[in-house]
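Engineer: Can you keep this structure in mind? I'll have questions shortly.
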Amino acid sequence: RKEVEQDPGPFNVPEGATVAFNCTYSNSASQSFFWYRQDCRKEPKLLMSVYSSGNEDGRFTAQLNRASQYISLLIRDSKLSDSATYLCVVTPSSGSARQLTFGSGTQLTVLP
Amino acid sequence: NAGVTQTPKFRVLKTGQSMTLLCAQDMNHEYMYWYRQDPGMGLRLIHYSVGEGTTAKGEVPDGYNVSRLKKQNFLLGLESAAPSQTSVYFCASSYQHTGAGANVLTFGAGSRLTVL
């Protein structure tokens, strides 16, 4: 079983739709969680951290469910510019960068 | 504000050839990393460095060597390229190796390597 698993998609949604992705992780010792965004043939960029209490950044909401060992990303009012691959990233309690584990990504296409 | 710059962006090699990928960052970051990204797999850490003159193995180090002679540069070498090393290579840097800043990686634009 992969340490971090994501539905690869693709998720094709119309502009203005709400879409959600989940990411499951196998290591119960994981403590820090993140979403990175990667545009086609570009480098990944940090989108947001995921806090225990859940957090929101504009149209984006990230949540953590420790009991079921998954994190989620909700995008409201989708824009064409949201089309990208979303990478889930987890790390154990030590928080060392070398221990970041990346998911393979979920591809989102927002259609006009 | 160049950030992290990788060269070359594309390269085609024949099996057995050698090459070096160069990563340069102008953010004065101590920590630098080399990842590879393959279809259907997450980014995997090849080697990393916590400072000038120091390097360490990551998850998939075999077939690669690295050097960090200057703080701003991190080189990734393939001594004898194999088709299994066909991949997209990303360099990244961070201002912390542990703690909150460790998770804020700044990536280069990537280097696409094909080994025939």
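Residue numbering restarts at 1 in every chain; chains get A, B, ... in the order shown in the structure tokens, and ligands count up from 1 in that same order.
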Taking only C-alpha atoms into account and nothing else, which residues of chain A lie no more than 12 Å away from chain B? Please answer as a ChimeraX atom specification.
Structural biologist: /A:2-9,31-51,85-107
Engineer: Extract the full set of strand (DSSP E) residues from chain A according to DSSP on the backbone, and format it as an NGL selection string.
Structural biologist: :A and (4-6 or 11-14 or 19-25 or 30-38 or 44-50 or 55-57 or 60-65 or 70-75 or 84-92 or 101-102 or 106-111)
Engineer: To one decimal in Å, tell me the separation between CA of Gln25 in chain B and CA of Glu52 in chain B.
Structural biologist: 12.7 Å
Engineer: Taking the chain letters and numbering used in this document, name the residues of chain A that DSSP puts in helix (DSSP H, G or I), as a ChimeraX atom specification.
Structural biologist: /A:80-82,97-99
Engineer: Now that the selection is made, can you save its residues with all heavy atoms as a PDB file, in the first residue's frame?
Structural biologist:
```pdb
ATOM      1  N   LEU A  80     -11.392  28.609 -14.280  1.00  0.00           N
ATOM      2  CA  LEU A  80     -10.579  27.939 -15.302  1.00  0.00           C
ATOM      3  C   LEU A  80      -9.131  27.819 -14.834  1.00  0.00           C
ATOM      4  O   LEU A  80      -8.455  26.822 -15.099  1.00  0.00           O
ATOM      5  CB  LEU A  80     -10.642  28.710 -16.621  1.00  0.00           C
ATOM      6  CG  LEU A  80     -11.995  28.799 -17.292  1.00  0.00           C
ATOM      7  CD1 LEU A  80     -11.905  29.673 -18.549  1.00  0.00           C
ATOM      8  CD2 LEU A  80     -12.536  27.416 -17.662  1.00  0.00           C
ATOM      9  N   SER A  81      -8.674  28.834 -14.101  1.00  0.00           N
ATOM     10  CA  SER A  81      -7.277  28.861 -13.648  1.00  0.00           C
ATOM     11  C   SER A  81      -6.997  27.850 -12.530  1.00  0.00           C
ATOM     12  O   SER A  81      -5.835  27.670 -12.163  1.00  0.00           O
ATOM     13  CB  SER A  81      -6.931  30.267 -13.152  1.00  0.00           C
ATOM     14  OG  SER A  81      -7.816  30.666 -12.127  1.00  0.00           O
ATOM     15  N   ASP A  82      -8.044  27.205 -12.030  1.00  0.00           N
ATOM     16  CA  ASP A  82      -7.819  26.168 -11.018  1.00  0.00           C
ATOM     17  C   ASP A  82      -7.389  24.850 -11.652  1.00  0.00           C
ATOM     18  O   ASP A  82      -7.002  23.917 -10.938  1.00  0.00           O
ATOM     19  CB  ASP A  82      -9.101  25.923 -10.204  1.00  0.00           C
ATOM     20  CG  ASP A  82      -9.499  27.117  -9.357  1.00  0.00           C
ATOM     21  OD1 ASP A  82      -8.612  27.915  -8.987  1.00  0.00           O
ATOM     22  OD2 ASP A  82     -10.709  27.255  -9.067  1.00  0.00           O
ATOM     23  N   ALA A  97      12.198  18.044   6.247  1.00  0.00           N
ATOM     24  CA  ALA A  97      11.852  18.152   4.827  1.00  0.00           C
ATOM     25  C   ALA A  97      12.194  16.886   4.071  1.00  0.00           C
ATOM     26  O   ALA A  97      11.522  16.528   3.110  1.00  0.00           O
ATOM     27  CB  ALA A  97      12.571  19.346   4.209  1.00  0.00           C
ATOM     28  N   ARG A  98      13.234  16.185   4.514  1.00  0.00           N
ATOM     29  CA  ARG A  98      13.618  14.982   3.778  1.00  0.00           C
ATOM     30  C   ARG A  98      12.593  13.875   3.936  1.00  0.00           C
ATOM     31  O   ARG A  98      12.631  12.881   3.240  1.00  0.00           O
ATOM     32  CB  ARG A  98      14.980  14.487   4.248  1.00  0.00           C
ATOM     33  CG  ARG A  98      14.999  13.947   5.670  1.00  0.00           C
ATOM     34  CD  ARG A  98      16.400  13.444   6.032  1.00  0.00           C
ATOM     35  NE  ARG A  98      16.482  13.004   7.409  1.00  0.00           N
ATOM     36  CZ  ARG A  98      16.186  11.795   7.806  1.00  0.00           C
ATOM     37  NH1 ARG A  98      15.773  10.894   6.922  1.00  0.00           N
ATOM     38  NH2 ARG A  98      16.285  11.458   9.074  1.00  0.00           N
ATOM     39  N   GLN A  99      11.658  14.028   4.880  1.00  0.00           N
ATOM     40  CA  GLN A  99      10.656  12.996   5.114  1.00  0.00           C
ATOM     41  C   GLN A  99       9.303  13.343   4.510  1.00  0.00           C
ATOM     42  O   GLN A  99       8.322  12.640   4.735  1.00  0.00           O
ATOM     43  CB  GLN A  99      10.524  12.745   6.614  1.00  0.00           C
ATOM     44  CG  GLN A  99      11.771  12.103   7.207  1.00  0.00           C
ATOM     45  CD  GLN A  99      11.695  11.990   8.705  1.00  0.00           C
ATOM     46  OE1 GLN A  99      11.665  13.015   9.398  1.00  0.00           O
ATOM     47  NE2 GLN A  99      11.641  10.785   9.212  1.00  0.00           N
TER      48      GLN A  99
END
```
Engineer: Would you kindly return, as a list of chain:residue names, each protein, DNA or RNA residue with an atom no farther than 10 Å from any atom of Ser28 in chain A, considering only C-alpha atoms and excluding same-chain residues fewer than 6 positions away?
Structural biologist: A:Arg66, A:Ala67, A:Ser68, A:Gln69, A:Pro92
Engineer: Distance table requested - range 41-94 of chain B against range 3-18 of chain B, cut-off 6 Å, only C-alpha atoms: one row per qualifying residue with the closest atom pair and its distance in Å to one decimal, ordered by chain and rising residue number, as JSON lines.
Structural biologist:
```
{"residue": "B:Leu78", "atom": "CA", "partner": "B:Ser18", "partner_atom": "CA", "distance": 5.3}
{"residue": "B:Glu79", "atom": "CA", "partner": "B:Ser18", "partner_atom": "CA", "distance": 4.6}
{"residue": "B:Ser80", "atom": "CA", "partner": "B:Gly16", "partner_atom": "CA", "distance": 4.3}
{"residue": "B:Ala81", "atom": "CA", "partner": "B:Gly16", "partner_atom": "CA", "distance": 4.8}
{"residue": "B:Ala82", "atom": "CA", "partner": "B:Thr15", "partner_atom": "CA", "distance": 5.1}
```
Engineer: What gap, in Å, lies between CA of Ser83 in chain A and CA of Ile71 in chain A?
Structural biologist: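 Between CA of Ser83 in chain A and CA of Ile71 in chain A the gap works out to 19.9 Å.
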Engineer: Using CA of Ser53 in chain A and CA of Asp77 in chain A as the two end points, give the distance in Å to one decimal.
Structural biologist: 22.6 Å
Engineer: Compile the contact shell of Lys70 in chain B as an MDAnalysis selection string: residues with an atom at most 10 Å away, counting only C-alpha atoms, same-chain residues fewer than 3 positions apart removed.
Structural biologist: chainID B and resid 24 51:53 67 73:75
Engineer: Using only C-alpha atoms, determine which residues lie at most 8 Å from Leu76 in chain B, disregarding the query and same-chain residues fewer than 4 positions distant; provide the list as a list in words.
Structural biologist: Thr20, Leu21, Leu22, Trp34, Tyr64, Asn65, Val66 and Ser67 of chain B
Engineer: Go ahead and save the picked residues with N, CA, C and O atoms, as a tab-separated table (two decimals), in the first residue's frame.
Structural biologist:
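Resulting contents of part25.tsv:
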```tsv
chain	number	residue	atom	x	y	z
B	20	THR	N	25.49	15.97	-15.93
B	20	THR	CA	25.27	16.66	-14.67
B	20	THR	C	24.15	17.67	-14.83
B	20	THR	O	24.12	18.43	-15.80
B	21	LEU	N	23.23	17.65	-13.88
B	21	LEU	CA	22.18	18.66	-13.79
B	21	LEU	C	22.60	19.68	-12.75
B	21	LEU	O	23.05	19.32	-11.66
B	22	LEU	N	22.42	20.95	-13.11
B	22	LEU	CA	22.82	22.01	-12.20
B	22	LEU	C	21.60	22.70	-11.61
B	22	LEU	O	20.64	23.00	-12.33
B	34	TRP	N	17.06	17.17	-4.40
B	34	TRP	CA	16.80	16.70	-5.76
B	34	TRP	C	15.72	15.62	-5.70
B	34	TRP	O	15.83	14.65	-4.94
B	64	TYR	N	22.91	7.81	-8.82
B	64	TYR	CA	23.09	9.26	-8.81
B	64	TYR	C	24.16	9.66	-7.81
B	64	TYR	O	24.35	9.02	-6.79
B	65	ASN	N	24.86	10.75	-8.11
B	65	ASN	CA	25.75	11.35	-7.13
B	65	ASN	C	25.48	12.85	-7.11
B	65	ASN	O	24.92	13.41	-8.06
B	66	VAL	N	25.82	13.49	-6.01
B	66	VAL	CA	25.56	14.92	-5.85
B	66	VAL	C	26.77	15.61	-5.24
B	66	VAL	O	27.62	14.97	-4.62
B	67	SER	N	26.80	16.92	-5.43
B	67	SER	CA	27.84	17.71	-4.76
B	67	SER	C	27.28	19.09	-4.44
B	67	SER	O	26.47	19.64	-5.19
```
Engineer: When you look at Asn12 in chain A with a cut-off of 8 Å (counting only C-alpha atoms), what residues show up, excluding the ones that are within fewer than 3 positions of it in the same chain? I need them as a list in words.
Structural biologist: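 Once the nearby chain positions are removed, what remains is Leu108, Thr109, Val110 and Leu111 of chain A.
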